[in-house]
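Asks: This is the structure I have questions about; it appears just below.
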Number of protein chains: 2
Amino acid sequence: MTNFASRRATIEDVAVTAGVSVATVSRALRGLPNVAPSTRQRVVRSAQELNYRADPNASRLAAGRGGAVAIAVPVFNSWYFSEVVAGAEAVFAEAGYNVLISAIPTPERRSLFVNQTAYQGWADGVVMVELAMEEAERDIMLRAGVPTVTIGGHGSGFPGVVVDNVAIGRFAVSHLADLGHECIGLIAGEHGEALSFSVPDDRRRGFEQELRSRGMSIESSLQAVGNFSVEGGSEAMTSLLRAANPPSAVFAISDEMAFGAIGAARARGVRVPEDLSVMGVDDHEVAEAFGLTTICQEVDRHGPLAARLLLDALNGGVLVEPMAKVSTAVVERATTARPGPR
Amino acid sequence: MTNFASRRATIEDVAVTAGVSVATVSRALRGLPNVAPSTRQRVVRSAQELNYRADPNASRLAAGRGGAVAIAVPVFNSWYFSEVVAGAEAVFAEAGYNVLISAIPTPERRSLFVNQTAYQGWADGVVMVELAMEEAERDIMLRAGVPTVTIGGHGSGFPGVVVDNVAIGRFAVSHLADLGHECIGLIAGEHGEALSFSVPDDRRRGFEQELRSRGMSIESSLQAVGNFSVEGGSEAMTSLLRAANPPSAVFAISDEMAFGAIGAARARGVRVPEDLSVMGVDDHEVAEAFGLTTICQEVDRHGPLAARLLLDALNGGVLVEPMAKVSTAVVERATTARPGPR
DNA sequence: ATGAAAGCGCTAACAG
DNA sequence: CTGTTAGCGCTTTCAT
């Protein structure tokens, strides 16, 4: 009869049952060379019998690395970020890594992440999504020698996945202006002061660039902020609708805000797209059911691409092409149309 | 001038600069008793100067626990699960825990999670969301002595948060039948064979119970499966619409499937709610913008409640009331109405 | 209140 | 190809 509250088997137990030394067990189990096939087999069998699994902590302490990566995102409960995490996690899990996640809604949390979670022995590598860091933090990250990749961190000095957000802004105006709209509103981002990432700015810049290049004016009264949420989009739309000269079309820089905008418009009796055209960005999972015209940016590739980049670095590979670019394209559906008669 | 590639400070460095032994440093920094206030102060200061942080691996190896918890969900990129993870992560982070996540789309992944990620030294505690486990796995979980809580794991033997999914099914039928519908369809779950959790069954059981108690018949031709996705909901609706006697109302057991169902119906010229009433479950973030009638189950509380339960256990507290119940209620909006004339 | 010393379980030279 | 032997950095008795 076996031990009741049997303690976990250690490498020594395996060594004894297999009749070899702990060093050999370690080598055999990790697939290192210089182990006789027959020995390896014997070791593997003993390990299975004892249901042995190397203690990750002991192993990391001794080896200096340990099989976990960290992912940081501004927030979780946002379609884009959960999609990215899902995609990255799948790749990491397949590669045998455990994944640590952190939401970084404030600068304090970001500091905690950098100074504790990610770079103090917890992670072998880290991926930062749409997060701006301070100079001091960047130094720590660099100095820690922990491979780091970014998504939307172009210019941060780290390799990563880049999206042409300026092009996204231009595409939106092109689509809407080509339809005949002359008064185009913008529902921009800003996740509060915490997240100074460049996405909102870049999309807005593209939006204004294209407006300018078409000789259209940029009116601040046509811009509102929606905080990347459905509710924020709804509020932004409401304020836009109340303006002196309401827009005949609105570009929301995320689908979630576009949903909110459409909901708010319809609630006030404004028909979409007859009275108002609305488009978003992401090609969110419910965009099709909603009939939303949007700009696809291959969101499903962001996470896996970043993960793959990090795994390459973890495997000692030099990042030959450190930047992975994704493409963007307008997906026309039913929320945009030619402007109706006034 | 300081070291260029300065290695991390160790507890010994702190001991030296503070002029005490490592044991004292350990005690002082962890707030243990039997340390003179003045000594503690000195130690803390030295630690700050050196930017010292205990290596979690060494510390865990020595102490047997280490400040991380694991969360397992079937998938990530689903509104409900990302909401749960977000809520739980926030609470854990605040309590100083790091969080490990795993998506468990298949039985193999579940086995990996149980045998490696969660119960082999990585986590101090774990929360399993809507996951059914096998007898053997349950034994490992119990034997590992790692506190575990569940969400939707009623009957698994672990404490956790419970939702009355049977009531949800009944509420749906009540609402629809009260409106006058006599032919009510169901878009059920099934995440593939992998996830045999009870949510789909319970909601369906409630649905059928209420139908029966009202003397209405249960027709399998009025039931379709939507895999909890927008697209699956769309396909399910399409097949329901093609049936000989299409329903005048449909209950989708998740909002995402309801969105897909509505999209599919409208695409075929079926008006909602004039020709067809549709309701879902969750009160998804875009439900309001969509005008979707749904059943709220306080999703935002699931994650925090579970996290709090686990933290209690981690702090040695006996779980006085191990089950945290959330409430459910119909939220009536614009996708359900009295059945139109035939 | 503090220090000395023995590990925690594993990996990584270094010998053989 | 395999065994011996130091540690990895921290916690925890046990003394003092």
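Letters A, B, ... go to the chains of the structure tokens in the order shown; residues in each chain start at 1; ligands are counted from 1 in the same order.
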Enumerate as a PyMOL selection string all residues of region 42-276 of chain A assigned to helix (DSSP H, G or I) by DSSP on the backbone, naming them with the chain letters and numbers the document uses.

Replies: chain A and resi 42-49+56-63+79-94+107-118+135-144+165-178+199-213+220-222+230-242+255-267

Asks: Excluding DG9 (chain D) and any residue of its chain fewer than 2 positions from it, enumerate the residues within 7 Å of it, using only C-alpha atoms (C1' of nucleotides), and give them as a PyMOL selection string.

Replies: chain B and resi 10+55+58

Asks: Taking only C-alpha atoms (C1' of nucleotides) into account, report as a PyMOL selection string which residues of chain D lie within 10 Å of chain A.

Replies: chain D and resi 1-4+7-9

Asks: Please write the residues from the selection above to a file, keeping N, CA and C atoms (P, O5', C5', C4', C3', O3' and C1' of nucleotides), as an mmCIF file, in the first residue's frame.

Replies:
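Saved the output as selection_9.cif:
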data_model
loop_
_atom_site.group_PDB
_atom_site.id
_atom_site.type_symbol
_atom_site.label_atom_id
_atom_site.label_comp_id
_atom_site.auth_asym_id
_atom_site.auth_seq_id
_atom_site.Cartn_x
_atom_site.Cartn_y
_atom_site.Cartn_z
ATOM 1 P P DC D 1 26.875 8.206 -26.160
ATOM 2 O "O5'" DC D 1 27.030 7.945 -24.603
ATOM 3 C "C5'" DC D 1 26.470 6.799 -24.040
ATOM 4 C "C4'" DC D 1 27.032 6.648 -22.659
ATOM 5 C "C3'" DC D 1 26.078 7.177 -21.589
ATOM 6 O "O3'" DC D 1 25.817 6.080 -20.710
ATOM 7 C "C1'" DC D 1 28.289 7.960 -21.213
ATOM 8 P P DT D 2 24.626 6.098 -19.706
ATOM 9 O "O5'" DT D 2 25.302 6.695 -18.404
ATOM 10 C "C5'" DT D 2 26.224 5.868 -17.684
ATOM 11 C "C4'" DT D 2 26.896 6.644 -16.597
ATOM 12 C "C3'" DT D 2 25.959 7.284 -15.575
ATOM 13 O "O3'" DT D 2 26.182 6.615 -14.341
ATOM 14 C "C1'" DT D 2 27.764 8.723 -16.159
ATOM 15 P P DG D 3 25.208 6.869 -13.110
ATOM 16 O "O5'" DG D 3 26.224 7.600 -12.107
ATOM 17 C "C5'" DG D 3 27.443 6.941 -11.788
ATOM 18 C "C4'" DG D 3 28.371 7.900 -11.075
ATOM 19 C "C3'" DG D 3 27.767 8.559 -9.834
ATOM 20 O "O3'" DG D 3 28.741 8.540 -8.800
ATOM 21 C "C1'" DG D 3 28.596 10.222 -11.307
ATOM 22 P P DT D 4 28.359 8.924 -7.313
ATOM 23 O "O5'" DT D 4 29.392 10.082 -6.959
ATOM 24 C "C5'" DT D 4 30.264 10.576 -7.979
ATOM 25 C "C4'" DT D 4 31.045 11.761 -7.431
ATOM 26 C "C3'" DT D 4 30.558 12.348 -6.114
ATOM 27 O "O3'" DT D 4 31.664 12.895 -5.408
ATOM 28 C "C1'" DT D 4 30.216 13.934 -7.850
ATOM 29 P P DG D 7 30.686 26.574 -4.549
ATOM 30 O "O5'" DG D 7 29.448 26.341 -3.563
ATOM 31 C "C5'" DG D 7 28.370 27.287 -3.530
ATOM 32 C "C4'" DG D 7 27.712 27.414 -4.893
ATOM 33 C "C3'" DG D 7 26.477 28.289 -4.833
ATOM 34 O "O3'" DG D 7 26.486 29.185 -5.911
ATOM 35 C "C1'" DG D 7 25.913 26.116 -5.664
ATOM 36 P P DC D 8 25.938 30.644 -5.673
ATOM 37 O "O5'" DC D 8 24.508 30.627 -6.357
ATOM 38 C "C5'" DC D 8 24.344 30.468 -7.770
ATOM 39 C "C4'" DC D 8 22.856 30.384 -8.033
ATOM 40 C "C3'" DC D 8 22.040 31.238 -7.071
ATOM 41 O "O3'" DC D 8 21.643 32.424 -7.741
ATOM 42 C "C1'" DC D 8 21.130 28.984 -7.281
ATOM 43 P P DG D 9 22.012 33.838 -7.036
ATOM 44 O "O5'" DG D 9 20.836 34.019 -5.970
ATOM 45 C "C5'" DG D 9 19.494 34.036 -6.426
ATOM 46 C "C4'" DG D 9 18.582 33.880 -5.232
ATOM 47 C "C3'" DG D 9 18.848 34.863 -4.091
ATOM 48 O "O3'" DG D 9 17.621 35.504 -3.803
ATOM 49 C "C1'" DG D 9 18.722 32.647 -3.280
#

Asks: According to DSSP computed on the backbone, where in region 25-264 of chain A is there strand (DSSP E or B)? Give the residues as a ChimeraX atom specification.

Replies: /A:68-73,98-103,125-129,148-151,160-162,184-188,223-225,249-252

Asks: Taking only C-alpha atoms (C1' of nucleotides) into account and nothing else, which residues of chain C lie no more than 7 Å away from chain B? Please answer as a list of chain:residue names.

Replies: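 Close enough to count are C:DA1, C:DT2, C:DG3, C:DC8.
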
Asks: Residues of chain B within 8 Å of chain A, counting only C-alpha atoms - could you list those as JSON, numbers by chain?

Replies: {"B": [5, 53, 55, 56, 57, 58, 60, 61, 75, 76, 77, 79, 82, 83, 85, 86, 89, 90, 93, 98, 99, 100, 101, 102, 103, 116, 117, 120, 121, 122, 143, 230, 256, 259, 260, 262, 263, 264, 285, 286, 288, 289, 290, 291]}

Asks: Provide the CA of Asn227 (chain B) to CA of Glu190 (chain B) distance in Å, to one decimal place.

Replies: 5.2 Å

Asks: Which neighbours of DA6 (chain C) fall inside 10 Å, counting only C-alpha atoms (C1' of nucleotides), when residues of the same chain fewer than 2 positions from it are skipped, and could you give them as an MDAnalysis selection string?

Replies: (chainID C and resid 4) or (chainID D and resid 12:13)

Asks: Identify, on the basis of only C-alpha atoms (C1' of nucleotides), every residue whose closest approach to Leu314 (chain B) does not exceed 9 Å; exclude the query and any residue fewer than 6 positions from it along the same chain; express the result as a list in words.

Replies: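 Using only C-alpha atoms (C1' of nucleotides), the neighbours found are Asp124, Gly125, Val146 and Pro147 of chain B.
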
Asks: Find the distance between CA of Val281 (chain A) and CA of Ile168 (chain A) and write it in Å to one decimal.

Replies: 7.9 Å

Asks: Residues within 10 Å of Leu222 (chain A), please, as a PDB file with C-alpha atoms, in the first residue's frame. Count only C-alpha atoms (C1' of nucleotides); anything in the same chain fewer than 2 positions from it doesn't count.

Replies:
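Everything below was put into result.pdb:
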ATOM      1  CA  CYS A 183     -19.025  66.536 -42.833  1.00  0.00           C
ATOM      2  CA  ILE A 184     -17.256  63.665 -41.138  1.00  0.00           C
ATOM      3  CA  GLY A 185     -17.110  63.241 -37.397  1.00  0.00           C
ATOM      4  CA  LEU A 186     -14.535  61.374 -35.351  1.00  0.00           C
ATOM      5  CA  ILE A 187     -14.978  59.355 -32.209  1.00  0.00           C
ATOM      6  CA  ILE A 218     -10.841  69.911 -39.582  1.00  0.00           C
ATOM      7  CA  GLU A 219     -13.386  70.978 -37.038  1.00  0.00           C
ATOM      8  CA  SER A 220     -12.857  70.173 -33.415  1.00  0.00           C
ATOM      9  CA  ALA A 224     -15.493  63.471 -29.469  1.00  0.00           C
ATOM     10  CA  SER A 239     -22.724  64.871 -27.963  1.00  0.00           C
ATOM     11  CA  LEU A 240     -21.888  64.936 -31.666  1.00  0.00           C
ATOM     12  CA  LEU A 241     -25.570  64.800 -32.510  1.00  0.00           C
ATOM     13  CA  ALA A 243     -23.756  69.950 -32.055  1.00  0.00           C
ATOM     14  CA  ALA A 244     -24.778  72.845 -34.260  1.00  0.00           C
ATOM     15  CA  ASN A 245     -23.781  71.080 -37.460  1.00  0.00           C
ATOM     16  CA  PRO A 246     -23.999  67.358 -36.812  1.00  0.00           C
ATOM     17  CA  PRO A 247     -21.911  65.134 -39.090  1.00  0.00           C
ATOM     18  CA  VAL A 250     -18.808  59.282 -38.207  1.00  0.00           C
TER      19      VAL A 250
END

Asks: Taking 5 positions as the minimum chain separation for residues in the same chain, which residues sit within 12 Å of Arg338 (chain B) when counting only C-alpha atoms (C1' of nucleotides)? Answer as a PyMOL selection string.

Replies: chain B and resi 175-182+248-249+272-278

Asks: For DT5 (chain D), find every residue with an atom within 12 Å (counting only C-alpha atoms (C1' of nucleotides)), except residues of its own chain fewer than 3 positions away, and show them as a ChimeraX atom specification.

Replies: /A:22-23 /C:11-15

Asks: Keeping only N, CA and C atoms (P, O5', C5', C4', C3', O3' and C1' of nucleotides), write the selected residues as a JSON list (two decimals), in the first residue's frame.

Replies:
[["chain", "number", "residue", "atom", "x", "y", "z"],
["A", 22, "VAL", "N", 21.30, 11.59, -10.10],
["A", 22, "VAL", "CA", 20.34, 12.66, -10.39],
["A", 22, "VAL", "C", 20.74, 13.42, -11.65],
["A", 23, "ALA", "N", 22.02, 13.57, -11.86],
["A", 23, "ALA", "CA", 22.47, 14.30, -13.04],
["A", 23, "ALA", "C", 21.99, 13.61, -14.30],
["C", 11, "DT", "P", 16.57, 20.36, -13.75],
["C", 11, "DT", "O5'", 17.95, 21.16, -13.77],
["C", 11, "DT", "C5'", 17.89, 22.57, -13.78],
["C", 11, "DT", "C4'", 19.29, 23.13, -13.78],
["C", 11, "DT", "C3'", 20.16, 22.72, -14.95],
["C", 11, "DT", "O3'", 20.87, 23.89, -15.33],
["C", 11, "DT", "C1'", 21.26, 22.19, -12.95],
["C", 12, "DA", "P", 21.68, 23.96, -16.67],
["C", 12, "DA", "O5'", 23.16, 23.93, -16.09],
["C", 12, "DA", "C5'", 23.50, 24.88, -15.08],
["C", 12, "DA", "C4'", 24.95, 24.71, -14.75],
["C", 12, "DA", "C3'", 25.83, 24.39, -15.95],
["C", 12, "DA", "O3'", 27.10, 24.98, -15.71],
["C", 12, "DA", "C1'", 25.92, 22.60, -14.44],
["C", 13, "DA", "P", 28.06, 25.28, -16.93],
["C", 13, "DA", "O5'", 28.60, 23.82, -17.28],
["C", 13, "DA", "C5'", 29.99, 23.58, -17.36],
["C", 13, "DA", "C4'", 30.69, 23.91, -16.06],
["C", 13, "DA", "C3'", 32.08, 23.30, -16.01],
["C", 13, "DA", "O3'", 33.01, 24.11, -15.30],
["C", 13, "DA", "C1'", 30.61, 22.18, -14.47],
["C", 14, "DC", "P", 34.55, 23.93, -15.54],
["C", 14, "DC", "O5'", 34.83, 22.52, -14.85],
["C", 14, "DC", "C5'", 34.71, 22.40, -13.43],
["C", 14, "DC", "C4'", 34.90, 20.95, -13.03],
["C", 14, "DC", "C3'", 36.05, 20.26, -13.77],
["C", 14, "DC", "O3'", 36.96, 19.73, -12.82],
["C", 14, "DC", "C1'", 34.11, 18.91, -13.79],
["C", 15, "DA", "P", 38.50, 19.44, -13.27],
["C", 15, "DA", "O5'", 38.63, 17.94, -12.80],
["C", 15, "DA", "C5'", 37.75, 17.02, -13.38],
["C", 15, "DA", "C4'", 37.40, 15.95, -12.41],
["C", 15, "DA", "C3'", 38.21, 14.68, -12.67],
["C", 15, "DA", "O3'", 38.33, 13.93, -11.48],
["C", 15, "DA", "C1'", 35.93, 14.40, -13.38]]
